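Scroll down for the structure; my scribbles are underneath it.
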Amino acid sequence: MPKEGFESITVPEALNKRVSEFVENSSGIVGNKAQAFSQAWQFYERMMLETKNPLPVKIGNKLVGHDQPVFVTGELGINHNGDIAIAKKLIDMAADTGCDAVKFQKRTVEDYYDKEELAMARDSPFGKTNETLKRGLEFDEDGWKELIDHAEKRGLIWYASVWDHKALEFVEKFDPVCHKIASPQITHKTLLKKVKETGKPIILSTGMSTMDQVRKAVNLLGEENLIILHCTSTYPTAENEHNLNMMKTLRKYFNCPIGYSGHEPGVYPSLFACVLGACMVERHITLDRAMYGSDQPASLERRGMEIICNVSRKIRSYMGDGNKVIYESEKPIIKKLRKVDDL
């Protein structure tokens, strides 16, 4: 009798022998035959599934989808260093470079971090402990209202990643058009449920997670009104860890728009992501990468965001529909240059 959760199957003797030899020669990469069959099926499934073409998701007054212009978000994150004036300059930069939206972050310091972590020694402009740093990076309700008003005056959509239950309650006071689940929270079941209960569109980042964890989060949130962002959560991300082809896998597995959240210091991976079909790009922005802050080196300055906003929205035009045609603009060139036409 197979153990609980397993079933017996009949495998041809020749195939069984080939799989056994494969496991034996895999140097421990594949632990047993069951694992070999499981991995083989996952590969087959990825190869055979068709790329889905989901309906766009409405974020504020814009549609985010694979048949829409690329939606670009400039994330302030913690690059404002707790300074309202810097935060406003970042919002202005996002508006001036052509972003559709800005994103904030909200944590309830005493809920998200334990006492031991907060008590750790850490030098910063705010003091000598981790707690003084974390509290120094948070704005109060008046500060949030000031920044939201400024973003809206500049014509920007705004939203926030909420890191805990109280943070969600805090941000909901300002009635955002959507919510963001940051990569660390993808396994936070109760928070995901609370965010879903708001009934608002959700943007889900997938850094530092397995495909199984992504599936579980999507199953809980549902595919309707969900945007999934491929992401690698290292700051900055190494060249060989972007894995942009993962977006193609996500488009086969999930019937919702797929985008990209990048942490590289330059623009190329974000633009390559758009070539591969990303409907949305989210990038941290900074006034100067040399400023104090752990996220600054993985952020884009003004010129970088100008390139992202400008080029990303031309990529679909560059790519075309894949059908070979003679353009009207080519016809005079045919007449001028093609002297022999007997094929």
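Following the order of the structure tokens, chains are lettered A, B, ..., residues in each are numbered from 1, and ligands are numbered from 1.
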
Residues of segment 227-284 of chain A that have any atom at most 9 Å from an atom of segment 179-191 of chain A: could you tabulate them with the shortest-distance atom pair and the distance in Å to one decimal, using only C-alpha atoms, ordered by chain and increasing number, as a Markdown table?
```
| residue | atom | partner | partner_atom | distance |
| --- | --- | --- | --- | --- |
| A:Cys231 | CA | A:Ser183 | CA | 7.9 |
| A:Thr232 | CA | A:Ser183 | CA | 8.8 |
| A:Ser233 | CA | A:Ser183 | CA | 7.4 |
```

Any chance you could tabulate, as a tab-separated table, the residues of segment 261-302 of chain A at most 8 Å from segment 58-67 of chain A with each one's nearest atom pair and distance in Å to one decimal, using only C-alpha atoms, in chain and rising number order?
```
residue	atom	partner	partner_atom	distance
A:Gly277	CA	A:His66	CA	6.8
A:Ala278	CA	A:His66	CA	7.2
A:Cys279	CA	A:His66	CA	5.1
A:Met280	CA	A:Val64	CA	7.0
```

Spatial neighbours of Ile228 of chain A, max dist 9 Å, only C-alpha atoms, sep filter under 6 positions, as a PyMOL selection string: chain A and resi 202-206+218+250+254+256-260

Filtered DSSP result for segment 192-279 of chain A, state alpha helix (DSSP H), as a ChimeraX atom specification: /A:192-197,211-221,246-253,268-275

Output file for the residues above (N, CA and C atoms, as an mmCIF file, in the first residue's frame):
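After the write, selection_39.cif holds the following:
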```cif
data_model
loop_
_atom_site.group_PDB
_atom_site.id
_atom_site.type_symbol
_atom_site.label_atom_id
_atom_site.label_comp_id
_atom_site.auth_asym_id
_atom_site.auth_seq_id
_atom_site.Cartn_x
_atom_site.Cartn_y
_atom_site.Cartn_z
ATOM 1 N N LEU A 192 -2.660 38.256 3.682
ATOM 2 C CA LEU A 192 -3.216 38.119 2.336
ATOM 3 C C LEU A 192 -4.740 38.087 2.373
ATOM 4 N N LYS A 193 -5.291 37.379 3.343
ATOM 5 C CA LYS A 193 -6.747 37.309 3.475
ATOM 6 C C LYS A 193 -7.335 38.686 3.771
ATOM 7 N N LYS A 194 -6.682 39.432 4.667
ATOM 8 C CA LYS A 194 -7.176 40.765 5.030
ATOM 9 C C LYS A 194 -7.124 41.714 3.833
ATOM 10 N N VAL A 195 -6.043 41.632 3.059
ATOM 11 C CA VAL A 195 -5.933 42.479 1.877
ATOM 12 C C VAL A 195 -7.014 42.116 0.864
ATOM 13 N N LYS A 196 -7.250 40.833 0.676
ATOM 14 C CA LYS A 196 -8.291 40.379 -0.253
ATOM 15 C C LYS A 196 -9.661 40.888 0.170
ATOM 16 N N GLU A 197 -9.910 40.936 1.480
ATOM 17 C CA GLU A 197 -11.208 41.376 2.002
ATOM 18 C C GLU A 197 -11.504 42.833 1.678
ATOM 19 N N MET A 211 7.858 28.360 -6.534
ATOM 20 C CA MET A 211 6.664 28.333 -7.379
ATOM 21 C C MET A 211 5.469 27.824 -6.565
ATOM 22 N N ASP A 212 5.705 26.902 -5.659
ATOM 23 C CA ASP A 212 4.617 26.383 -4.828
ATOM 24 C C ASP A 212 4.054 27.479 -3.929
ATOM 25 N N GLN A 213 4.926 28.329 -3.379
ATOM 26 C CA GLN A 213 4.457 29.429 -2.538
ATOM 27 C C GLN A 213 3.677 30.453 -3.364
ATOM 28 N N VAL A 214 4.128 30.693 -4.599
ATOM 29 C CA VAL A 214 3.386 31.606 -5.474
ATOM 30 C C VAL A 214 2.005 31.031 -5.765
ATOM 31 N N ARG A 215 1.944 29.733 -6.088
ATOM 32 C CA ARG A 215 0.650 29.092 -6.371
ATOM 33 C C ARG A 215 -0.300 29.227 -5.185
ATOM 34 N N LYS A 216 0.205 28.968 -3.983
ATOM 35 C CA LYS A 216 -0.647 29.032 -2.792
ATOM 36 C C LYS A 216 -1.175 30.447 -2.575
ATOM 37 N N ALA A 217 -0.304 31.448 -2.780
ATOM 38 C CA ALA A 217 -0.742 32.835 -2.615
ATOM 39 C C ALA A 217 -1.802 33.195 -3.645
ATOM 40 N N VAL A 218 -1.591 32.780 -4.892
ATOM 41 C CA VAL A 218 -2.559 33.085 -5.945
ATOM 42 C C VAL A 218 -3.875 32.354 -5.696
ATOM 43 N N ASN A 219 -3.802 31.111 -5.242
ATOM 44 C CA ASN A 219 -5.028 30.364 -4.919
ATOM 45 C C ASN A 219 -5.826 31.072 -3.838
ATOM 46 N N LEU A 220 -5.133 31.666 -2.864
ATOM 47 C CA LEU A 220 -5.819 32.370 -1.779
ATOM 48 C C LEU A 220 -6.401 33.696 -2.269
ATOM 49 N N LEU A 221 -5.628 34.421 -3.062
ATOM 50 C CA LEU A 221 -6.071 35.749 -3.509
ATOM 51 C C LEU A 221 -7.061 35.682 -4.666
ATOM 52 N N MET A 246 11.278 33.707 -16.348
ATOM 53 C CA MET A 246 10.252 33.278 -15.393
ATOM 54 C C MET A 246 8.918 33.953 -15.675
ATOM 55 N N MET A 247 8.949 35.131 -16.284
ATOM 56 C CA MET A 247 7.689 35.807 -16.616
ATOM 57 C C MET A 247 6.881 34.985 -17.615
ATOM 58 N N LYS A 248 7.573 34.317 -18.538
ATOM 59 C CA LYS A 248 6.871 33.470 -19.506
ATOM 60 C C LYS A 248 6.225 32.285 -18.802
ATOM 61 N N THR A 249 6.918 31.749 -17.793
ATOM 62 C CA THR A 249 6.335 30.659 -17.009
ATOM 63 C C THR A 249 5.094 31.134 -16.265
ATOM 64 N N LEU A 250 5.183 32.300 -15.630
ATOM 65 C CA LEU A 250 4.039 32.837 -14.886
ATOM 66 C C LEU A 250 2.848 33.073 -15.806
ATOM 67 N N ARG A 251 3.117 33.502 -17.041
ATOM 68 C CA ARG A 251 2.013 33.757 -17.984
ATOM 69 C C ARG A 251 1.337 32.462 -18.426
ATOM 70 N N LYS A 252 2.035 31.356 -18.333
ATOM 71 C CA LYS A 252 1.423 30.073 -18.672
ATOM 72 C C LYS A 252 0.596 29.516 -17.515
ATOM 73 N N TYR A 253 1.062 29.760 -16.294
ATOM 74 C CA TYR A 253 0.396 29.172 -15.133
ATOM 75 C C TYR A 253 -0.787 29.981 -14.630
ATOM 76 N N TYR A 268 18.618 48.062 -18.240
ATOM 77 C CA TYR A 268 18.470 47.031 -19.259
ATOM 78 C C TYR A 268 17.556 45.870 -18.864
ATOM 79 N N PRO A 269 17.699 45.260 -17.678
ATOM 80 C CA PRO A 269 16.792 44.159 -17.348
ATOM 81 C C PRO A 269 15.322 44.566 -17.363
ATOM 82 N N SER A 270 15.023 45.781 -16.927
ATOM 83 C CA SER A 270 13.631 46.241 -16.939
ATOM 84 C C SER A 270 13.116 46.340 -18.367
ATOM 85 N N LEU A 271 13.958 46.839 -19.273
ATOM 86 C CA LEU A 271 13.551 46.944 -20.675
ATOM 87 C C LEU A 271 13.436 45.564 -21.320
ATOM 88 N N PHE A 272 14.363 44.652 -20.980
ATOM 89 C CA PHE A 272 14.261 43.284 -21.490
ATOM 90 C C PHE A 272 12.978 42.630 -20.988
ATOM 91 N N ALA A 273 12.600 42.939 -19.741
ATOM 92 C CA ALA A 273 11.351 42.404 -19.195
ATOM 93 C C ALA A 273 10.167 42.851 -20.035
ATOM 94 N N CYS A 274 10.191 44.096 -20.479
ATOM 95 C CA CYS A 274 9.113 44.602 -21.332
ATOM 96 C C CYS A 274 9.105 43.892 -22.683
ATOM 97 N N VAL A 275 10.285 43.610 -23.225
ATOM 98 C CA VAL A 275 10.373 42.860 -24.477
ATOM 99 C C VAL A 275 9.725 41.489 -24.313
#
```

All strand (DSSP E or B) residues (DSSP, backbone) inside segment 2-211 of chain A, as an mmCIF file with C-alpha atoms, in the first residue's frame:
```cif
data_model
loop_
_atom_site.group_PDB
_atom_site.id
_atom_site.type_symbol
_atom_site.label_atom_id
_atom_site.label_comp_id
_atom_site.auth_asym_id
_atom_site.auth_seq_id
_atom_site.Cartn_x
_atom_site.Cartn_y
_atom_site.Cartn_z
ATOM 1 C CA VAL A 57 -6.816 45.100 -14.271
ATOM 2 C CA LYS A 58 -8.021 48.624 -13.581
ATOM 3 C CA ILE A 59 -5.673 50.570 -11.306
ATOM 4 C CA LYS A 62 -5.673 53.177 -16.021
ATOM 5 C CA LEU A 63 -5.792 49.621 -17.307
ATOM 6 C CA VAL A 64 -2.842 47.317 -16.636
ATOM 7 C CA PHE A 71 2.342 50.799 -16.519
ATOM 8 C CA VAL A 72 5.358 52.288 -14.709
ATOM 9 C CA THR A 73 5.593 52.810 -10.949
ATOM 10 C CA GLY A 74 8.302 54.757 -9.161
ATOM 11 C CA GLU A 75 8.725 53.315 -5.681
ATOM 12 C CA ALA A 101 2.146 55.835 -10.166
ATOM 13 C CA VAL A 102 4.217 56.114 -7.027
ATOM 14 C CA LYS A 103 4.408 53.490 -4.311
ATOM 15 C CA PHE A 104 4.938 53.911 -0.583
ATOM 16 C CA GLN A 105 5.716 51.359 2.135
ATOM 17 C CA LYS A 106 4.064 51.065 5.525
ATOM 18 C CA ALA A 121 23.056 48.236 17.540
ATOM 19 C CA ARG A 122 22.916 50.101 14.217
ATOM 20 C CA ASP A 123 24.341 53.505 13.426
ATOM 21 C CA SER A 124 22.123 55.726 11.300
ATOM 22 C CA GLY A 127 20.425 57.124 16.294
ATOM 23 C CA LYS A 128 22.372 54.083 17.461
ATOM 24 C CA THR A 129 19.817 51.260 17.320
ATOM 25 C CA ILE A 157 -1.814 57.186 -8.919
ATOM 26 C CA TRP A 158 -0.488 56.087 -5.531
ATOM 27 C CA TYR A 159 -0.529 52.817 -3.626
ATOM 28 C CA ALA A 160 1.471 51.150 -0.871
ATOM 29 C CA SER A 161 2.886 47.827 0.199
ATOM 30 C CA VAL A 162 1.447 46.954 3.593
ATOM 31 C CA HIS A 179 -2.818 47.262 -2.462
ATOM 32 C CA LYS A 180 0.647 45.799 -2.894
ATOM 33 C CA ILE A 181 1.858 42.569 -1.288
ATOM 34 C CA ILE A 202 -3.837 43.506 -5.616
ATOM 35 C CA ILE A 203 -0.269 43.617 -6.929
ATOM 36 C CA LEU A 204 1.755 40.617 -5.758
ATOM 37 C CA SER A 205 5.563 40.545 -5.821
#
```

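Atom CA of Leu137 of chain A sits 11.0 Å away from atom CA of Ala87 of chain A.
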
Residue neighbourhood Ile285 of chain A, 12 Å, only C-alpha atoms, exclusion window fewer than 5 positions, as a PyMOL selection string: chain A and resi 72-80+86-87+89-95+97+99+101-104+262-267+291+295-306+308
